[in-house]
Amino acid sequence: MSGVRNPMISTLLHLRGNSRAAVYSEPMWGLSMMLVLPYASVFMLALGVHDTQIGLLATISMLSQMVFGLLSGVITDKLGRRLTTAVFDIVSWAIPCLIWAFAQNFWWFLVASVVNGVWQVTQNSWDCLLVEDLDRRQIPRVYSLVKVAAEFSSLFAPIAALLVSNLGLELAVRILYLNALVIMSVKIWLLWRFTTETDTGRLRMAQTRGTSIWTSLWEYRGVARLIVRSRGTIFSLVIAVLVAAVSLVNGTFWQVAINQRLGVSDALLPFFPMVRSLLSVLFFFTLIPRLTHGKHLRVPTMLGFGVYLAGQALLVTIPAAPGGASLSTFALLGVCLLLDAFGAGMLFMLAESLVALHVDRTERSRVMAIQRTAVMLVTAPFGWLSGWLSSHDRSWPFMLTSVLLLAGLVVAARFWVTTHEEADEVTAAA
């Protein structure tokens with residue numbers, strides 16, 4: 001063990017307790033939701049859902065997430081991190097997968113989007129389960145491992161491609177949603193089986209026992225003041241908003257753009273997330289740890305925004321070849337994937353880490369609940385807006401993401417706020 005030099009591998013091998021269970025079970029996304037997500041928007045198009053409606057569904061999903069995100073801190077404190085994660089994972093993933101599997105039109109997707117929004121509750125509780133009993137210095141690496149675990153799931157993409165090529169898009173996607181229902185249920189059980197309640201979770205459960213949800217929500221006033229008074233929390237909130245908005249647009253319309261505008265065939269769609277994910281894993285085990293090994297994260301954050309911006313701008317400029325995607329189209333998309341893999345991977349890890357590093361430790365669940373609600377409130381219109389842009393020109397949503405990433409680059413360059421770790425280092429040096 002001591003001979004392991006790579007910091008990511010060393011962290012992975014030395015994980016214990018809740019962090020280990022959370023990270024080790026994360027690759028199961030690969031055999032469940034990640035198989036079907038590359039086809040989600042194209043599947044809706046095949047069932048007669050229009051671009052504007054797809055964008056509207058993304059916005060409605062975000063609004064649902066906003067409501068449950070606000071409740072997530074209260075629920076997580078009352079039920080505990082472990083029970084909340086188990087119960088609300090079932091509601092937010094198992095049930096929507098069943099609806100998606102039998103969807104017929106826009107209204108089925110609408111119901112599934114609203115129910116799926118419950119995942120914001122479990123996102124809060126899962127994050128607390130992941131990091132509350134963890135050394136703060138390990139947080140960036142553990143979030144990197146979470147990202148790596150999710151990216152490894154792309155290795156199973158050929159399964160989806162094989163199903164689509166043999167069964168057709170609609171039937172294959174329905175089967176993939178049913179598969180996701182089964183695998184996610186197993187994942188939920190494994191996380192329940194191999195985790196325990198955190199120390200902070202037990203304390204908050206005791207403190208909130210006998211307190212109604214409405215009383216707890218009213219107490220958010222004091223928590224909101226903690227956020228407003230913390231420049232670091234506000235700064236991390238802005239970064240999180242920009243990254244979330246870009247992720248929303250890309251997750252909804254990247255596959256649509258390359259399929260409908262650039263002529264990439266249905267069967268090839270899952271290979272693009274697979275390549276992007278493999279590149280991200282490569283970066284997480286090589287370049288990214290070297291850039292983020294210290295406590296100063298400003299330059300890595302700027303670099304993440306800059307590289308991601310280059311990838312989005314390049315996607316806009318790729319010309320649509322007559323008769324479908326050409327060799328040059330695939331070559332340019334490969335460059336986009338390279339840039340996106342590094343930029344998005346870096347920003348995901350840093351956005352999550354900055355929030356965790358700036359948050360008030362004793363009020364983590366409620367502060368993160370308010371932060372996530374604020375992020376979703378600001379991000380929600382980008383779903384409808386990007387759908388409207390896509391209905392006019394499928395390259396326009398990525399002009400929007402380019403502007404957002406440029407704004408993030410400016411914010412990181414001009415308004416950086418040091419983390420607690422950076423401040424501690426400066427104080428020690430003095």
# chains A, B, ... in the order shown; residues from 1 in each chain; ligands from 1
$ residues_around --residues "Glu132 in chain A" --least-positions-apart "2" --cutoff "7 Å" --atoms "only C-alpha atoms" --output "list in words"
Cys128, Leu129, Leu130, Leu134, Thr198 and Thr200 of chain A
$ select_by_dssp --residues "range 162-305 of chain A" --states "helix (DSSP H, G or I)" --output "number ranges by chain"
A: 162-167, 169-193, 199-208, 213-218, 220-228, 231-261, 266-268, 271-285, 287-292, 298-305
$ residues_around --residues "range 279-281 of chain A" --least-positions-apart "6" --cutoff "9 Å" --atoms "only C-alpha atoms" --output "PDB file with all heavy atoms, in the first residue's frame"
ATOM      1  N   LYS A 147     -16.313  11.119  -9.733  1.00  0.00           N
ATOM      2  CA  LYS A 147     -16.405  11.414 -11.164  1.00  0.00           C
ATOM      3  C   LYS A 147     -15.810  10.281 -11.988  1.00  0.00           C
ATOM      4  O   LYS A 147     -16.381   9.869 -13.007  1.00  0.00           O
ATOM      5  CB  LYS A 147     -15.671  12.730 -11.449  1.00  0.00           C
ATOM      6  CG  LYS A 147     -15.722  13.177 -12.905  1.00  0.00           C
ATOM      7  CD  LYS A 147     -17.119  13.522 -13.345  1.00  0.00           C
ATOM      8  CE  LYS A 147     -17.121  14.130 -14.755  1.00  0.00           C
ATOM      9  NZ  LYS A 147     -18.482  14.337 -15.267  1.00  0.00           N
ATOM     10  N   VAL A 148     -14.673   9.764 -11.554  1.00  0.00           N
ATOM     11  CA  VAL A 148     -14.037   8.648 -12.269  1.00  0.00           C
ATOM     12  C   VAL A 148     -14.951   7.423 -12.273  1.00  0.00           C
ATOM     13  O   VAL A 148     -15.109   6.750 -13.299  1.00  0.00           O
ATOM     14  CB  VAL A 148     -12.675   8.306 -11.635  1.00  0.00           C
ATOM     15  CG1 VAL A 148     -12.156   6.965 -12.158  1.00  0.00           C
ATOM     16  CG2 VAL A 148     -11.665   9.401 -11.923  1.00  0.00           C
ATOM     17  N   ALA A 149     -15.558   7.130 -11.127  1.00  0.00           N
ATOM     18  CA  ALA A 149     -16.452   5.973 -11.032  1.00  0.00           C
ATOM     19  C   ALA A 149     -17.613   6.103 -12.003  1.00  0.00           C
ATOM     20  O   ALA A 149     -18.003   5.134 -12.671  1.00  0.00           O
ATOM     21  CB  ALA A 149     -16.978   5.841  -9.600  1.00  0.00           C
ATOM     22  N   GLU A 151     -17.568   7.912 -14.747  1.00  0.00           N
ATOM     23  CA  GLU A 151     -17.050   7.876 -16.108  1.00  0.00           C
ATOM     24  C   GLU A 151     -16.742   6.456 -16.562  1.00  0.00           C
ATOM     25  O   GLU A 151     -16.899   6.119 -17.737  1.00  0.00           O
ATOM     26  CB  GLU A 151     -15.778   8.734 -16.209  1.00  0.00           C
ATOM     27  CG  GLU A 151     -15.958  10.211 -15.881  1.00  0.00           C
ATOM     28  CD  GLU A 151     -16.816  10.951 -16.890  1.00  0.00           C
ATOM     29  OE1 GLU A 151     -17.435  10.297 -17.756  1.00  0.00           O
ATOM     30  OE2 GLU A 151     -16.889  12.181 -16.809  1.00  0.00           O
ATOM     31  N   PHE A 152     -16.288   5.606 -15.654  1.00  0.00           N
ATOM     32  CA  PHE A 152     -16.003   4.229 -16.011  1.00  0.00           C
ATOM     33  C   PHE A 152     -17.256   3.513 -16.526  1.00  0.00           C
ATOM     34  O   PHE A 152     -17.163   2.521 -17.259  1.00  0.00           O
ATOM     35  CB  PHE A 152     -15.443   3.460 -14.813  1.00  0.00           C
ATOM     36  CG  PHE A 152     -13.943   3.378 -14.809  1.00  0.00           C
ATOM     37  CD1 PHE A 152     -13.217   3.783 -13.699  1.00  0.00           C
ATOM     38  CD2 PHE A 152     -13.255   2.892 -15.909  1.00  0.00           C
ATOM     39  CE1 PHE A 152     -11.828   3.698 -13.686  1.00  0.00           C
ATOM     40  CE2 PHE A 152     -11.869   2.808 -15.911  1.00  0.00           C
ATOM     41  CZ  PHE A 152     -11.154   3.217 -14.801  1.00  0.00           C
ATOM     42  N   LEU A 337     -14.463  16.256 -27.804  1.00  0.00           N
ATOM     43  CA  LEU A 337     -14.518  15.319 -26.690  1.00  0.00           C
ATOM     44  C   LEU A 337     -13.292  15.453 -25.793  1.00  0.00           C
ATOM     45  O   LEU A 337     -13.394  15.390 -24.560  1.00  0.00           O
ATOM     46  CB  LEU A 337     -14.627  13.889 -27.210  1.00  0.00           C
ATOM     47  CG  LEU A 337     -15.930  13.505 -27.908  1.00  0.00           C
ATOM     48  CD1 LEU A 337     -15.832  12.096 -28.479  1.00  0.00           C
ATOM     49  CD2 LEU A 337     -17.106  13.612 -26.959  1.00  0.00           C
ATOM     50  N   LEU A 338     -12.138  15.634 -26.405  1.00  0.00           N
ATOM     51  CA  LEU A 338     -10.896  15.791 -25.636  1.00  0.00           C
ATOM     52  C   LEU A 338     -10.968  17.025 -24.737  1.00  0.00           C
ATOM     53  O   LEU A 338     -10.651  16.965 -23.545  1.00  0.00           O
ATOM     54  CB  LEU A 338      -9.722  15.898 -26.600  1.00  0.00           C
ATOM     55  CG  LEU A 338      -8.324  15.963 -25.973  1.00  0.00           C
ATOM     56  CD1 LEU A 338      -7.971  14.637 -25.322  1.00  0.00           C
ATOM     57  CD2 LEU A 338      -7.287  16.324 -27.032  1.00  0.00           C
ATOM     58  N   ASP A 340     -13.728  18.743 -23.859  1.00  0.00           N
ATOM     59  CA  ASP A 340     -14.834  18.626 -22.910  1.00  0.00           C
ATOM     60  C   ASP A 340     -14.484  17.702 -21.748  1.00  0.00           C
ATOM     61  O   ASP A 340     -14.856  17.945 -20.596  1.00  0.00           O
ATOM     62  CB  ASP A 340     -16.086  18.102 -23.605  1.00  0.00           C
ATOM     63  CG  ASP A 340     -16.749  19.142 -24.494  1.00  0.00           C
ATOM     64  OD1 ASP A 340     -16.233  20.269 -24.564  1.00  0.00           O
ATOM     65  OD2 ASP A 340     -17.761  18.823 -25.132  1.00  0.00           O
ATOM     66  N   ALA A 341     -13.775  16.605 -22.063  1.00  0.00           N
ATOM     67  CA  ALA A 341     -13.425  15.638 -21.022  1.00  0.00           C
ATOM     68  C   ALA A 341     -12.575  16.287 -19.944  1.00  0.00           C
ATOM     69  O   ALA A 341     -12.797  16.076 -18.745  1.00  0.00           O
ATOM     70  CB  ALA A 341     -12.685  14.452 -21.647  1.00  0.00           C
ATOM     71  N   PHE A 342     -11.607  17.081 -20.359  1.00  0.00           N
ATOM     72  CA  PHE A 342     -10.753  17.750 -19.378  1.00  0.00           C
ATOM     73  C   PHE A 342     -11.500  18.875 -18.675  1.00  0.00           C
ATOM     74  O   PHE A 342     -11.523  18.955 -17.444  1.00  0.00           O
ATOM     75  CB  PHE A 342      -9.504  18.316 -20.062  1.00  0.00           C
ATOM     76  CG  PHE A 342      -8.607  19.067 -19.124  1.00  0.00           C
ATOM     77  CD1 PHE A 342      -7.701  18.390 -18.315  1.00  0.00           C
ATOM     78  CD2 PHE A 342      -8.682  20.449 -19.029  1.00  0.00           C
ATOM     79  CE1 PHE A 342      -6.882  19.089 -17.434  1.00  0.00           C
ATOM     80  CE2 PHE A 342      -7.865  21.151 -18.158  1.00  0.00           C
ATOM     81  CZ  PHE A 342      -6.969  20.468 -17.351  1.00  0.00           C
ATOM     82  N   GLY A 343     -12.127  19.754 -19.454  1.00  0.00           N
ATOM     83  CA  GLY A 343     -12.781  20.921 -18.869  1.00  0.00           C
ATOM     84  C   GLY A 343     -13.935  20.559 -17.957  1.00  0.00           C
ATOM     85  O   GLY A 343     -14.017  21.038 -16.816  1.00  0.00           O
ATOM     86  N   ALA A 344     -14.832  19.700 -18.435  1.00  0.00           N
ATOM     87  CA  ALA A 344     -15.989  19.316 -17.625  1.00  0.00           C
ATOM     88  C   ALA A 344     -15.562  18.511 -16.408  1.00  0.00           C
ATOM     89  O   ALA A 344     -16.102  18.693 -15.311  1.00  0.00           O
ATOM     90  CB  ALA A 344     -16.977  18.518 -18.473  1.00  0.00           C
ATOM     91  N   GLY A 345     -14.580  17.611 -16.579  1.00  0.00           N
ATOM     92  CA  GLY A 345     -14.105  16.826 -15.444  1.00  0.00           C
ATOM     93  C   GLY A 345     -13.503  17.706 -14.366  1.00  0.00           C
ATOM     94  O   GLY A 345     -13.774  17.538 -13.175  1.00  0.00           O
ATOM     95  N   MET A 346     -12.670  18.646 -14.776  1.00  0.00           N
ATOM     96  CA  MET A 346     -12.044  19.569 -13.835  1.00  0.00           C
ATOM     97  C   MET A 346     -13.103  20.404 -13.113  1.00  0.00           C
ATOM     98  O   MET A 346     -13.068  20.550 -11.882  1.00  0.00           O
ATOM     99  CB  MET A 346     -11.077  20.486 -14.588  1.00  0.00           C
ATOM    100  CG  MET A 346     -10.363  21.476 -13.714  1.00  0.00           C
ATOM    101  SD  MET A 346      -8.933  20.774 -12.884  1.00  0.00           S
ATOM    102  CE  MET A 346      -7.669  21.142 -14.089  1.00  0.00           C
TER     103      MET A 346
END
$ residues_around --residues "range 90-100 of chain A" --least-positions-apart "2" --cutoff "8 Å" --atoms "only C-alpha atoms" --output "list in words"
Ala86, Val87, Phe88, Phe102, Ala103, Trp108, Phe109, Ala112, Ser113, Val115, Asn116, Gly117, Val118, Trp119, Arg174, Tyr177, Leu178, Ala180, Leu181, Val182, Met184, Ser185 and Ile188 of chain A
$ closest_residue --among "A:Pro140, A:Ala22, A:Ile370, A:Val316" --to "Ser72 in chain A" --atoms "only C-alpha atoms"
A:Ile370
$ closest_residue --among "A:Leu389, A:Leu57, A:Ile318, A:Ala267" --to "Asn166 in chain A" --atoms "only C-alpha atoms"
A:Ala267
$ closest_residue --among "A:Met62, A:Leu163, A:Ala40, A:Val186" --to "Thr379 in chain A" --atoms "only C-alpha atoms"
A:Met62
$ closest_atom_pairs --of "range 234-286 of chain A" --to "range 51-54 of chain A" --cutoff "12 Å" --atoms "only C-alpha atoms" --output "tab-separated table"
residue	atom	partner	partner_atom	distance
A:Leu248	CA	A:Ile54	CA	11.8
A:Val249	CA	A:Ile54	CA	11.0
A:Gly251	CA	A:Ile54	CA	11.5
A:Thr252	CA	A:Ile54	CA	7.9
A:Phe253	CA	A:Asp51	CA	8.9
A:Val256	CA	A:Asp51	CA	9.1
A:Ala257	CA	A:Asp51	CA	10.9
A:Gln260	CA	A:Asp51	CA	11.1
$ closest_atom_pairs --of "range 132-227 of chain A" --to "range 286-306 of chain A" --cutoff "10 Å" --atoms "only C-alpha atoms" --output "CSV"
residue,atom,partner,partner_atom,distance
A:Arg137,CA,A:Lys295,CA,8.7
A:Pro140,CA,A:Thr292,CA,8.3
A:Arg141,CA,A:Pro289,CA,8.0
A:Ser144,CA,A:Pro289,CA,8.8
$ residues_around --residues "Leu339 in chain A" --least-positions-apart "4" --cutoff "7 Å" --atoms "only C-alpha atoms" --output "count of residues only"
6
$ closest_residue --among "A:Ala313, A:Ala374, A:Ala369, A:Leu167" --to "Ala244 in chain A" --atoms "only C-alpha atoms"
A:Ala374
$ residues_around --residues "Ser19 in chain A" --least-positions-apart "5" --cutoff "12 Å" --atoms "only C-alpha atoms" --output "JSON, numbers by chain"
{"A": [11, 12, 13, 14, 24, 25, 26, 126, 127, 128, 129, 130, 131, 132, 133, 134, 135, 138, 139, 141, 142, 143, 145, 146, 191, 194, 195, 196, 197, 198]}
